[in-house]
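Student: Next comes work.txt, compact mmCIF, C-alpha atoms:
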```txt
# COMPACT_ATOMS: atom_id res chain seq x y z
CA MET Z 1 80.50 114.28 -17.01
CA THR Z 2 78.69 111.05 -17.85
CA PHE Z 3 78.03 110.27 -14.26
CA GLU Z 4 76.68 113.74 -13.56
CA THR Z 5 74.36 113.78 -16.58
CA LEU Z 6 73.12 110.34 -15.65
CA PHE Z 7 72.50 111.62 -12.18
CA ALA Z 8 70.70 114.62 -13.55
CA ALA Z 9 68.61 112.46 -15.85
CA SER Z 10 67.65 110.19 -13.02
CA HIS Z 11 66.12 113.17 -11.29
CA VAL Z 12 62.51 112.19 -11.60
CA TYR Z 13 60.55 115.09 -12.92
CA ILE Z 14 56.97 113.87 -12.89
CA GLY Z 15 55.91 117.16 -14.41
CA ASN Z 16 57.49 116.14 -17.69
CA THR Z 17 55.57 112.90 -17.80
CA ILE Z 18 52.32 114.78 -17.45
CA TRP Z 19 53.47 117.26 -20.05
CA TYR Z 20 54.35 114.49 -22.52
CA LEU Z 21 51.04 112.77 -22.01
CA VAL Z 22 49.10 116.00 -22.46
CA VAL Z 23 51.10 117.00 -25.54
CA PHE Z 24 50.67 113.53 -27.00
CA ALA Z 25 46.93 113.54 -26.33
CA ILE Z 26 46.49 116.97 -27.91
CA LEU Z 27 48.69 115.97 -30.84
CA MET Z 28 46.63 112.82 -31.33
CA LEU Z 29 43.36 114.75 -31.33
CA LEU Z 30 44.64 117.37 -33.77
CA VAL Z 31 46.24 114.84 -36.10
CA LYS Z 32 43.06 112.80 -36.01
CA HIS Z 33 41.00 115.83 -36.93
CA TYR Z 34 43.27 117.30 -39.59
CA ALA Z 35 45.21 114.42 -41.10
CA TRP Z 36 44.48 110.90 -39.95
CA GLY Z 37 40.70 111.17 -40.13
CA PRO Z 38 40.38 112.60 -43.65
CA VAL Z 39 43.19 110.47 -45.05
CA SER Z 40 41.93 107.17 -43.68
CA ASP Z 41 38.38 108.11 -44.66
CA MET Z 42 39.59 108.73 -48.18
CA MET Z 43 41.54 105.47 -48.20
CA GLU Z 44 38.44 103.62 -47.09
CA LYS Z 45 36.38 105.44 -49.72
CA ARG Z 46 38.92 104.53 -52.37
CA ARG Z 47 38.86 100.93 -51.22
CA GLN Z 48 35.07 100.91 -51.52
CA LYS Z 49 35.26 102.55 -54.93
CA VAL Z 50 37.75 100.01 -56.19
CA ILE Z 51 35.51 97.21 -54.95
CA GLU Z 52 32.48 98.84 -56.59
CA ASP Z 53 34.35 99.40 -59.83
CA LEU Z 54 35.50 95.80 -59.91
CA ASP Z 55 31.96 94.61 -59.24
CA SER Z 56 30.44 96.87 -61.86
CA ALA Z 57 33.10 95.88 -64.39
CA GLU Z 58 32.26 92.24 -63.71
CA SER Z 59 28.52 92.83 -64.13
CA ASN Z 60 29.10 94.94 -67.25
CA ARG Z 61 31.17 92.19 -68.75
CA LYS Z 62 28.41 89.69 -68.04
CA LYS Z 63 25.81 92.03 -69.53
CA ALA Z 64 27.89 92.52 -72.66
CA GLU Z 65 28.30 88.78 -72.99
CA ILE Z 66 24.55 88.26 -72.70
CA LEU Z 67 23.91 91.00 -75.25
CA ALA Z 68 26.42 89.49 -77.67
CA ASN Z 69 24.78 86.09 -77.31
CA GLU Z 70 21.36 87.61 -77.88
CA ARG Z 71 22.55 89.45 -80.95
CA GLU Z 72 24.10 86.31 -82.35
CA ALA Z 73 20.92 84.37 -81.74
CA ALA Z 74 18.86 87.13 -83.37
CA LEU Z 75 21.18 87.13 -86.36
CA LYS Z 76 20.86 83.40 -86.73
CA ASN Z 77 17.06 83.69 -86.42
CA SER Z 78 16.83 86.43 -89.00
CA ARG Z 79 18.94 84.44 -91.39
CA GLN Z 80 16.63 81.47 -90.96
CA GLU Z 81 13.61 83.71 -91.39
CA ALA Z 82 15.06 85.13 -94.58
CA THR Z 83 15.59 81.67 -96.02
CA GLN Z 84 12.10 80.69 -94.93
CA ILE Z 85 10.60 83.77 -96.57
CA LEU Z 86 12.56 83.17 -99.72
CA SER Z 87 11.52 79.56 -100.00
CA ASP Z 88 7.91 80.45 -99.19
CA ALA Z 89 7.93 83.08 -101.90
CA LYS Z 90 9.40 80.62 -104.36
CA THR Z 91 6.78 77.94 -103.68
CA ASN Z 92 4.04 80.55 -103.75
CA ALA Z 93 5.26 81.88 -107.06
CA GLN Z 94 5.42 78.41 -108.50
CA LYS Z 95 1.94 77.64 -107.26
CA ILE Z 96 0.54 80.87 -108.65
CA GLY Z 97 2.38 80.39 -111.93
CA SER Z 98 1.06 76.90 -112.47
CA GLN Z 99 -2.41 78.09 -111.43
CA ILE Z 100 -2.25 80.85 -114.02
CA VAL Z 101 -1.09 78.44 -116.70
CA ALA Z 102 -3.83 75.97 -115.83
CA ASP Z 103 -6.45 78.72 -115.86
CA ALA Z 104 -5.19 79.93 -119.20
CA ASN Z 105 -5.33 76.42 -120.58
CA ASN Z 106 -8.87 75.98 -119.30
CA ASP Z 107 -9.93 79.30 -120.70
CA ALA Z 108 -8.38 78.49 -124.04
CA ALA Z 109 -10.07 75.12 -124.10
CA SER Z 110 -13.46 76.56 -123.21
CA ILE Z 111 -13.05 79.36 -125.75
CA ARG Z 112 -12.17 76.81 -128.42
CA GLU Z 113 -15.15 74.65 -127.49
CA LYS Z 114 -17.46 77.62 -127.59
CA ALA Z 115 -16.01 78.69 -130.90
CA GLU Z 116 -16.48 75.22 -132.31
CA ALA Z 117 -20.07 75.10 -131.04
CA ASP Z 118 -20.72 78.56 -132.46
CA ALA Z 119 -19.29 77.55 -135.77
CA LYS Z 120 -21.39 74.38 -135.88
CA LYS Z 121 -24.49 76.30 -134.96
CA ALA Z 122 -23.77 78.95 -137.56
CA LYS Z 123 -23.25 76.26 -140.14
CA ALA Z 124 -26.52 74.57 -139.23
CA ASP Z 125 -28.35 77.86 -139.20
CA ALA Z 126 -26.88 78.78 -142.55
CA ILE Z 127 -27.87 75.44 -143.96
CA ASN Z 128 -31.41 75.76 -142.61
CA ASP Z 129 -31.68 79.30 -143.86
CA ALA Z 130 -30.41 78.31 -147.21
CA ARG Z 131 -32.81 75.37 -147.29
CA ARG Z 132 -35.78 77.63 -146.53
CA GLU Z 133 -34.70 80.30 -148.96
CA VAL Z 134 -34.01 77.79 -151.66
CA ALA Z 135 -37.40 76.21 -151.12
CA ASP Z 136 -39.16 79.54 -151.24
CA ILE Z 137 -37.16 80.66 -154.26
CA SER Z 138 -37.62 77.43 -156.04
CA VAL Z 139 -41.34 77.46 -155.29
CA ALA Z 140 -41.53 80.97 -156.61
CA ILE Z 141 -39.49 80.00 -159.67
CA ALA Z 142 -41.51 76.89 -160.23
CA GLU Z 143 -44.76 78.82 -159.84
CA LYS Z 144 -43.53 81.33 -162.28
CA ILE Z 145 -42.17 78.81 -164.78
CA ILE Z 146 -44.84 76.22 -164.68
CA ALA Z 147 -47.61 78.66 -164.03
CA LYS Z 148 -49.81 75.91 -163.00
CA ASN Z 149 -50.68 74.34 -159.70
CA LEU Z 150 -48.19 71.96 -158.45
CA SER Z 151 -48.97 69.75 -155.56
CA ALA Z 152 -47.05 70.37 -152.40
CA GLU Z 153 -45.80 66.82 -152.53
CA ASP Z 154 -44.21 67.25 -155.86
CA GLN Z 155 -42.76 70.49 -154.70
CA LYS Z 156 -41.14 68.87 -151.74
CA ASP Z 157 -39.70 66.14 -153.90
CA LEU Z 158 -38.27 68.68 -156.13
CA VAL Z 159 -36.69 70.56 -153.24
CA ASP Z 160 -35.21 67.44 -151.69
CA GLN Z 161 -33.69 66.44 -154.93
CA PHE Z 162 -32.27 69.93 -155.20
CA ILE Z 163 -30.82 69.85 -151.74
CA LYS Z 164 -29.34 66.44 -152.30
CA GLY Z 165 -27.62 67.95 -155.20
CA LEU Z 166 -26.37 70.71 -152.96
CA ASN Z 167 -25.04 68.29 -150.38
CA ASP Z 168 -23.19 66.39 -152.97
CA MET G 169 79.34 120.36 -18.54
CA GLU G 170 75.60 119.96 -19.07
CA LYS G 171 73.11 120.92 -16.47
CA PRO G 172 69.40 120.18 -16.67
CA LEU G 173 67.03 123.13 -16.77
CA VAL G 174 64.73 122.04 -13.99
CA PHE G 175 62.14 124.27 -12.39
CA GLU G 176 59.28 123.67 -10.03
CA PHE G 177 55.67 124.43 -10.78
CA LEU G 178 52.66 123.46 -8.63
CA GLY G 179 54.93 121.23 -6.59
CA LEU G 180 56.00 119.22 -9.64
CA LYS G 181 59.45 119.26 -11.16
CA PHE G 182 59.65 120.17 -14.82
CA ASP G 183 62.62 119.80 -17.13
CA LEU G 184 62.56 122.57 -19.68
CA VAL G 185 64.69 120.65 -22.23
CA GLY G 186 62.16 117.87 -22.59
CA ILE G 187 59.26 120.29 -22.67
CA ILE G 188 60.79 122.48 -25.38
CA GLY G 189 61.89 119.51 -27.48
CA SER G 190 58.65 117.56 -27.27
CA THR G 191 56.51 120.62 -27.89
CA LEU G 192 58.58 121.64 -30.90
CA MET G 193 58.41 118.17 -32.37
CA ALA G 194 54.70 117.84 -31.65
CA LEU G 195 54.18 121.06 -33.60
CA ALA G 196 56.43 119.74 -36.39
CA VAL G 197 54.44 116.50 -36.61
CA LEU G 198 51.18 118.42 -36.58
CA PHE G 199 52.20 120.88 -39.28
CA ILE G 200 53.70 118.22 -41.51
CA CYS G 201 50.58 116.10 -41.16
CA ILE G 202 48.35 119.06 -41.94
CA TRP G 203 50.58 120.10 -44.85
CA LEU G 204 50.60 116.58 -46.30
CA SER G 205 46.85 116.15 -46.00
CA ARG G 206 45.74 119.63 -46.99
CA LYS G 207 44.04 118.43 -50.16
CA VAL G 208 42.71 114.92 -49.70
CA GLU G 209 41.30 113.51 -52.89
CA LEU G 210 40.04 110.20 -54.19
CA ARG G 211 42.78 110.32 -56.82
CA PRO G 212 45.76 110.90 -54.54
CA ASN G 213 48.23 113.70 -55.17
CA LYS G 214 51.92 113.45 -54.31
CA LYS G 215 51.68 114.76 -50.75
CA GLN G 216 48.73 112.53 -50.07
CA ASN G 217 50.75 109.58 -51.32
CA VAL G 218 53.40 110.32 -48.72
CA ILE G 219 51.01 110.44 -45.79
CA GLU G 220 49.11 107.42 -47.09
CA TYR G 221 52.36 105.51 -47.33
CA LEU G 222 53.18 106.40 -43.71
CA LEU G 223 49.69 105.46 -42.59
CA ASN G 224 49.88 102.17 -44.45
CA PHE G 225 53.25 101.52 -42.84
CA THR G 226 51.99 102.04 -39.27
CA ASN G 227 48.75 100.22 -40.07
CA GLY G 228 50.91 97.33 -41.24
CA ILE G 229 52.71 97.30 -37.88
CA VAL G 230 49.34 97.25 -36.10
CA LYS G 231 47.86 94.53 -38.30
CA ASP G 232 50.92 92.32 -37.99
CA ASN G 233 50.82 92.31 -34.20
CA VAL G 234 47.20 92.85 -33.17
CA SER G 235 44.73 90.26 -34.38
CA ASP G 236 41.61 91.84 -32.90
CA PRO G 237 39.97 93.92 -35.70
CA ASP G 238 38.19 96.26 -33.28
CA ALA G 239 41.45 97.08 -31.46
CA GLN G 240 43.19 97.47 -34.84
CA LYS G 241 40.85 100.30 -35.75
CA HIS G 242 41.54 102.14 -32.50
CA LEU G 243 45.29 101.54 -32.54
CA SER G 244 45.79 102.81 -36.08
CA LEU G 245 45.78 106.44 -34.96
CA TYR G 246 47.88 105.69 -31.86
CA ALA G 247 50.57 103.89 -33.84
CA PHE G 248 50.63 106.57 -36.52
CA VAL G 249 51.07 109.49 -34.10
CA LEU G 250 53.42 107.58 -31.80
CA PHE G 251 55.70 106.59 -34.65
CA LEU G 252 55.90 110.07 -36.13
CA PHE G 253 56.32 111.74 -32.73
CA ILE G 254 59.10 109.43 -31.53
CA TRP G 255 60.83 109.53 -34.90
CA PHE G 256 60.89 113.33 -34.85
CA MET G 257 62.06 113.45 -31.25
CA ASN G 258 64.84 110.97 -32.04
CA GLN G 259 66.02 113.07 -34.97
CA LEU G 260 65.85 116.40 -33.16
CA GLY G 261 69.15 115.90 -31.34
CA MET G 262 70.86 114.86 -34.59
CA PHE G 263 70.71 118.20 -36.26
CA LEU G 264 69.88 120.60 -33.49
CA GLU G 265 71.65 120.78 -30.15
CA VAL G 266 71.43 124.24 -28.72
CA LYS G 267 73.58 125.07 -25.79
CA VAL G 268 73.29 128.34 -23.93
CA GLY G 269 76.28 128.64 -21.66
CA ASP G 270 76.35 125.43 -19.66
CA TRP G 271 72.65 124.83 -20.24
CA MET G 272 71.68 122.37 -22.91
CA VAL G 273 68.42 123.89 -24.16
CA ILE G 274 67.48 121.73 -27.13
CA LYS G 275 68.28 118.08 -27.61
CA SER G 276 66.37 114.87 -28.28
CA PRO G 277 63.70 114.49 -25.59
CA THR G 278 63.99 110.72 -26.04
CA ALA G 279 67.61 110.88 -24.81
CA ASP G 280 66.01 111.22 -21.40
CA PRO G 281 64.62 108.17 -19.57
CA VAL G 282 61.70 110.15 -18.14
CA ALA G 283 60.41 110.83 -21.65
CA THR G 284 60.78 107.26 -22.86
CA MET G 285 59.26 105.93 -19.65
CA SER G 286 56.31 108.28 -20.12
CA PHE G 287 55.61 106.82 -23.55
CA ALA G 288 56.21 103.27 -22.36
CA MET G 289 53.81 103.92 -19.49
CA MET G 290 51.25 105.20 -21.97
CA THR G 291 51.53 101.95 -23.91
CA LEU G 292 51.32 99.94 -20.70
CA LEU G 293 48.18 101.75 -19.53
CA LEU G 294 46.69 101.42 -23.00
CA SER G 295 47.34 97.68 -22.96
CA PHE G 296 45.58 97.44 -19.58
CA THR G 297 42.65 99.39 -20.98
CA PHE G 298 42.34 97.22 -24.08
CA GLY G 299 42.67 94.05 -22.03
CA VAL G 300 39.98 95.11 -19.55
CA GLN G 301 37.73 96.31 -22.36
CA LYS G 302 38.02 92.98 -24.13
CA PHE G 303 37.77 90.53 -21.21
CA GLY G 304 36.34 92.58 -18.32
CA VAL G 305 38.24 93.13 -15.07
CA GLY G 306 37.88 89.52 -13.92
CA GLY G 307 38.77 88.03 -17.26
CA TYR G 308 41.72 90.36 -17.57
CA LEU G 309 43.11 89.42 -14.16
CA ARG G 310 42.54 85.76 -14.90
CA ASN G 311 44.72 86.12 -18.00
CA TYR G 312 47.69 86.61 -15.65
CA THR G 313 47.36 83.00 -14.55
CA ALA G 314 47.23 81.75 -18.13
CA PRO G 315 48.21 79.27 -19.41
CA VAL G 316 48.95 77.79 -15.93
CA GLY G 317 48.56 79.22 -12.45
CA PHE G 318 52.12 79.08 -11.24
CA LEU G 319 53.17 81.48 -14.02
CA LEU G 320 51.39 84.33 -12.20
CA PRO G 321 54.55 85.87 -10.67
CA ILE G 322 56.40 85.58 -14.00
CA ASN G 323 53.53 87.25 -15.82
CA LEU G 324 53.52 90.06 -13.27
CA ILE G 325 57.27 90.56 -13.55
CA GLU G 326 56.97 90.47 -17.32
CA GLU G 327 54.64 93.43 -17.17
CA PHE G 328 57.32 95.43 -15.38
CA THR G 329 60.22 94.27 -17.52
CA ASN G 330 58.24 95.00 -20.69
CA PHE G 331 57.82 98.54 -19.48
CA LEU G 332 61.51 98.89 -18.56
CA THR G 333 62.96 97.34 -21.72
CA LEU G 334 60.61 99.28 -23.94
CA SER G 335 61.61 102.61 -22.42
CA LEU G 336 65.30 101.99 -21.71
CA ARG G 337 66.03 100.54 -25.16
CA LEU G 338 64.89 103.74 -26.81
CA TYR G 339 66.59 105.92 -24.21
CA GLY G 340 69.89 104.03 -24.42
CA ASN G 341 70.12 104.17 -28.19
CA ILE G 342 69.36 107.84 -28.53
CA TYR G 343 71.37 108.86 -25.49
CA ALA G 344 74.44 106.96 -26.69
CA GLY G 345 74.12 108.57 -30.08
CA GLU G 346 73.98 112.02 -28.54
CA VAL G 347 76.89 111.36 -26.20
CA LEU G 348 79.10 110.23 -29.04
CA LEU G 349 78.05 113.19 -31.14
CA THR G 350 78.87 115.55 -28.27
CA LEU G 351 82.23 113.87 -27.79
CA LEU G 352 83.05 114.19 -31.47
CA GLY G 353 81.81 117.75 -31.75
CA ASP G 354 83.06 119.11 -28.43
CA ARG G 355 85.97 117.14 -27.15
CA LEU G 356 87.62 115.91 -30.32
CA ALA G 357 87.04 118.97 -32.46
CA MET G 358 88.11 121.42 -29.80
CA SER G 359 91.11 119.46 -28.54
CA GLY G 360 93.75 120.38 -31.10
CA GLY G 361 92.71 123.36 -33.18
CA ILE G 362 92.08 123.21 -36.96
CA PRO G 363 93.42 119.67 -37.70
CA THR G 364 91.09 118.03 -35.23
CA ILE G 365 88.13 120.09 -36.47
CA ILE G 366 88.82 118.81 -39.98
CA LEU G 367 89.14 115.28 -38.60
CA ALA G 368 85.99 115.52 -36.52
CA ALA G 369 83.71 116.86 -39.28
CA PRO G 370 83.50 113.67 -41.42
CA LEU G 371 83.32 111.47 -38.33
CA ALA G 372 80.44 113.51 -36.96
CA MET G 373 78.74 113.36 -40.35
CA ILE G 374 79.04 109.58 -40.50
CA TRP G 375 77.79 109.23 -36.98
CA GLN G 376 74.86 111.56 -37.63
CA GLY G 377 73.85 109.48 -40.64
CA PHE G 378 74.05 106.35 -38.56
CA SER G 379 72.05 108.01 -35.78
CA VAL G 380 69.28 108.90 -38.23
CA PHE G 381 69.16 105.24 -39.12
CA ILE G 382 69.18 104.22 -35.44
CA GLY G 383 66.51 106.78 -34.61
CA SER G 384 64.23 105.41 -37.35
CA ILE G 385 64.85 101.82 -36.32
CA GLN G 386 64.20 102.61 -32.67
CA ALA G 387 60.96 104.45 -33.47
CA TYR G 388 59.87 101.43 -35.50
CA VAL G 389 60.88 99.03 -32.73
CA PHE G 390 59.11 101.08 -30.07
CA VAL G 391 55.84 101.15 -32.01
CA THR G 392 56.14 97.49 -32.95
CA LEU G 393 56.77 96.35 -29.38
CA SER G 394 53.95 98.58 -28.13
CA MET G 395 51.63 96.82 -30.54
CA VAL G 396 52.99 93.42 -29.54
CA TYR G 397 52.27 94.10 -25.86
CA ILE G 398 48.81 95.45 -26.58
CA GLY G 399 48.11 92.66 -29.04
CA LYS G 400 49.03 90.09 -26.42
CA LYS G 401 46.47 91.59 -24.06
CA VAL G 402 43.57 91.40 -26.49
CA ALA G 403 44.45 88.00 -27.95
CA LYS G 404 42.27 85.08 -26.95
CA GLU G 405 44.27 82.50 -25.06
```
What is this file in structure tokens?
Tutor:
Amino acid sequence: MTFETLFAASHVYIGNTIWYLVVFAILMLLVKHYAWGPVSDMMEKRRQKVIEDLDSAESNRKKAEILANEREAALKNSRQEATQILSDAKTNAQKIGSQIVADANNDAASIREKAEADAKKAKADAINDARREVADISVAIAEKIIAKNLSAEDQKDLVDQFIKGLND
Amino acid sequence: MEKPLVFEFLGLKFDLVGIIGSTLMALAVLFICIWLSRKVELRPNKKQNVIEYLLNFTNGIVKDNVSDPDAQKHLSLYAFVLFLFIWFMNQLGMFLEVKVGDWMVIKSPTADPVATMSFAMMTLLLSFTFGVQKFGVGGYLRNYTAPVGFLLPINLIEEFTNFLTLSLRLYGNIYAGEVLLTLLGDRLAMSGGIPTIILAAPLAMIWQGFSVFIGSIQAYVFVTLSMVYIGKKVAKE
């Protein structure tokens, strides 16, 4: 049996070779169109997508890092600014406060001076007024009492003596 | 007694067994490929995983043995289809041997040296094509005298022995498997009535399992050696 089948197999049927090649070629074309093409395209696409995703993840990470650094820097800045503003406000307030106190002191001093001057003037005025009135009154009294002409010099002496008495 | 179903057409001899087997298996490969890749998505589904695993496997064979990236791209499809086709043809005779009278109608087409020589010849012609494409006709012919001139006859003989070993290794393995399976199933089982049938069943089962393994290994070896031969032709000396 073995010998005969071997003999049969060694019959060279070239037709089969052509048939195999044609079948294989057609199979290759169809598999390429229906299976191999789409699948390897998709594998390539997936490979690209993975590469893209890795790249974008890397860049996103870098971006996030930069943002975090910026935020930290901004926070630090704002803290410094806040302290600056606070200290500025404090110094300003102190300056304004001392200014106000100084102004008030000045005002008080000037008001006191003015009041003193006014008082002095009023006193002088009052004294002068009184002097004139007293002179007039005394002249009138003297005229009435003495009923005779009295020289102006005597009158003045009289008045001075009177005023001296007042001062004392 | 097995007789080949040979007929003549246009002056060429055709063997119906090989034609039926190869055509059936080509259709099986085609339908399984189409079924596995019906919905191809960026996020792979289960069927897509299977075909992508197979494609990665054959691409791995190509990449391991062919260093030229341009040839790699072209050989990916060839290796994929060749592997699946030969694997299916090897397995056909394991589970399906149809005999009509004395005529064996369906068996592994690769248990026939004409079939294996056809595929080996395809690889050989493909290696010539890739070599000529890469180096030009002159450069390709000059490669036969590399690395030294007196190796020319050895290089020429090697071409022929590569072709023979590639085809006859596959043929021998599958043919031996089928012969033993026929012996177990026909001769042993039918020799002594029920006891021998009971004895033959587990033996045939074990041998079938082993033949599946051999068929897979031989398909892998065939594709790998094809790639080695082609890779050698496109490699820079």
Student: Here is a test: counting only C-alpha atoms, which residue of G:Leu184, G:Thr350, G:Lys207, G:Ile200 is nearest to Pro38 of chain Z?
Tutor: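 Ranked by minimum distance to Pro38 of chain Z, first place goes to G:Lys207.
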Student: Give me, as a PyMOL selection string, the residues of chain G touching chain Z, with the criterion being at most 9 Å (counting only C-alpha atoms).
Tutor: chain G and resi 169-172+174+176-177+179-184+186-187+190-191+194-195+197-198+201-206+208-211+216+219-220+223+245-246+248-250+253+280-283+285-287+290+347
Student: Write the residues of the preceding selection, restricted to C-alpha atoms, as a compact mmCIF listing (two decimals), in the frame of the given file.
Tutor:
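result_6.txt was written with the following content:
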```
# COMPACT_ATOMS: atom_id res chain seq x y z
CA MET G 169 79.34 120.36 -18.54
CA GLU G 170 75.60 119.96 -19.07
CA LYS G 171 73.11 120.92 -16.47
CA PRO G 172 69.40 120.18 -16.67
CA VAL G 174 64.73 122.04 -13.99
CA GLU G 176 59.28 123.67 -10.03
CA PHE G 177 55.67 124.43 -10.78
CA GLY G 179 54.93 121.23 -6.59
CA LEU G 180 56.00 119.22 -9.64
CA LYS G 181 59.45 119.26 -11.16
CA PHE G 182 59.65 120.17 -14.82
CA ASP G 183 62.62 119.80 -17.13
CA LEU G 184 62.56 122.57 -19.68
CA GLY G 186 62.16 117.87 -22.59
CA ILE G 187 59.26 120.29 -22.67
CA SER G 190 58.65 117.56 -27.27
CA THR G 191 56.51 120.62 -27.89
CA ALA G 194 54.70 117.84 -31.65
CA LEU G 195 54.18 121.06 -33.60
CA VAL G 197 54.44 116.50 -36.61
CA LEU G 198 51.18 118.42 -36.58
CA CYS G 201 50.58 116.10 -41.16
CA ILE G 202 48.35 119.06 -41.94
CA TRP G 203 50.58 120.10 -44.85
CA LEU G 204 50.60 116.58 -46.30
CA SER G 205 46.85 116.15 -46.00
CA ARG G 206 45.74 119.63 -46.99
CA VAL G 208 42.71 114.92 -49.70
CA GLU G 209 41.30 113.51 -52.89
CA LEU G 210 40.04 110.20 -54.19
CA ARG G 211 42.78 110.32 -56.82
CA GLN G 216 48.73 112.53 -50.07
CA ILE G 219 51.01 110.44 -45.79
CA GLU G 220 49.11 107.42 -47.09
CA LEU G 223 49.69 105.46 -42.59
CA LEU G 245 45.78 106.44 -34.96
CA TYR G 246 47.88 105.69 -31.86
CA PHE G 248 50.63 106.57 -36.52
CA VAL G 249 51.07 109.49 -34.10
CA LEU G 250 53.42 107.58 -31.80
CA PHE G 253 56.32 111.74 -32.73
CA ASP G 280 66.01 111.22 -21.40
CA PRO G 281 64.62 108.17 -19.57
CA VAL G 282 61.70 110.15 -18.14
CA ALA G 283 60.41 110.83 -21.65
CA MET G 285 59.26 105.93 -19.65
CA SER G 286 56.31 108.28 -20.12
CA PHE G 287 55.61 106.82 -23.55
CA MET G 290 51.25 105.20 -21.97
CA VAL G 347 76.89 111.36 -26.20
```
Student: Please identify all polymer residues within 12 Å of Ser276 of chain G, counting only C-alpha atoms, omitting same-chain residues fewer than 6 positions from it, and present them as a ChimeraX atom specification.
Tutor: /G:185-193,253-266,283-284,338-339,341-347,379-380,383
Student: Check the smallest atom-to-atom distance from each of G:Pro277, G:Gly306, G:Gly361, G:Gly399 to Asp232 of chain G using only C-alpha atoms, then report the winner.
Tutor: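 Once distances to Asp232 of chain G are computed over only C-alpha atoms, the minimum belongs to G:Gly399.
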Student: Need a file for segment 90-101 of chain Z from that block: N, CA and C atoms, written as a PDB file, in the first residue's frame.
Tutor:
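Writing done, so here's result33.pdb:
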```
ATOM      1  N   LYS Z  90      -0.024 101.054  58.147  1.00  0.00           N
ATOM      2  CA  LYS Z  90       0.338 101.362  59.523  1.00  0.00           C
ATOM      3  C   LYS Z  90       1.144 102.655  59.591  1.00  0.00           C
ATOM      4  N   THR Z  91       2.185 102.739  58.733  1.00  0.00           N
ATOM      5  CA  THR Z  91       3.034 103.933  58.777  1.00  0.00           C
ATOM      6  C   THR Z  91       2.224 105.168  58.409  1.00  0.00           C
ATOM      7  N   ASN Z  92       1.353 104.989  57.374  1.00  0.00           N
ATOM      8  CA  ASN Z  92       0.513 106.116  56.977  1.00  0.00           C
ATOM      9  C   ASN Z  92      -0.345 106.589  58.139  1.00  0.00           C
ATOM     10  N   ALA Z  93      -0.964 105.617  58.811  1.00  0.00           N
ATOM     11  CA  ALA Z  93      -1.853 105.950  59.913  1.00  0.00           C
ATOM     12  C   ALA Z  93      -1.087 106.684  61.011  1.00  0.00           C
ATOM     13  N   GLN Z  94       0.126 106.155  61.271  1.00  0.00           N
ATOM     14  CA  GLN Z  94       0.921 106.816  62.312  1.00  0.00           C
ATOM     15  C   GLN Z  94       1.246 108.245  61.933  1.00  0.00           C
ATOM     16  N   LYS Z  95       1.635 108.371  60.615  1.00  0.00           N
ATOM     17  CA  LYS Z  95       2.005 109.710  60.145  1.00  0.00           C
ATOM     18  C   LYS Z  95       0.827 110.668  60.290  1.00  0.00           C
ATOM     19  N   ILE Z  96      -0.341 110.176  59.796  1.00  0.00           N
ATOM     20  CA  ILE Z  96      -1.533 111.025  59.819  1.00  0.00           C
ATOM     21  C   ILE Z  96      -1.909 111.352  61.260  1.00  0.00           C
ATOM     22  N   GLY Z  97      -1.820 110.335  62.119  1.00  0.00           N
ATOM     23  CA  GLY Z  97      -2.173 110.542  63.521  1.00  0.00           C
ATOM     24  C   GLY Z  97      -1.305 111.610  64.159  1.00  0.00           C
ATOM     25  N   SER Z  98       0.012 111.488  63.943  1.00  0.00           N
ATOM     26  CA  SER Z  98       0.897 112.471  64.580  1.00  0.00           C
ATOM     27  C   SER Z  98       0.675 113.848  63.980  1.00  0.00           C
ATOM     28  N   GLN Z  99       0.370 113.863  62.657  1.00  0.00           N
ATOM     29  CA  GLN Z  99       0.070 115.131  61.983  1.00  0.00           C
ATOM     30  C   GLN Z  99      -1.129 115.803  62.649  1.00  0.00           C
ATOM     31  N   ILE Z 100      -2.178 114.962  62.841  1.00  0.00           N
ATOM     32  CA  ILE Z 100      -3.408 115.495  63.433  1.00  0.00           C
ATOM     33  C   ILE Z 100      -3.131 116.043  64.825  1.00  0.00           C
ATOM     34  N   VAL Z 101      -2.335 115.254  65.587  1.00  0.00           N
ATOM     35  CA  VAL Z 101      -2.043 115.711  66.963  1.00  0.00           C
ATOM     36  C   VAL Z 101      -1.257 117.029  66.946  1.00  0.00           C
TER      37      VAL Z 101
END
```
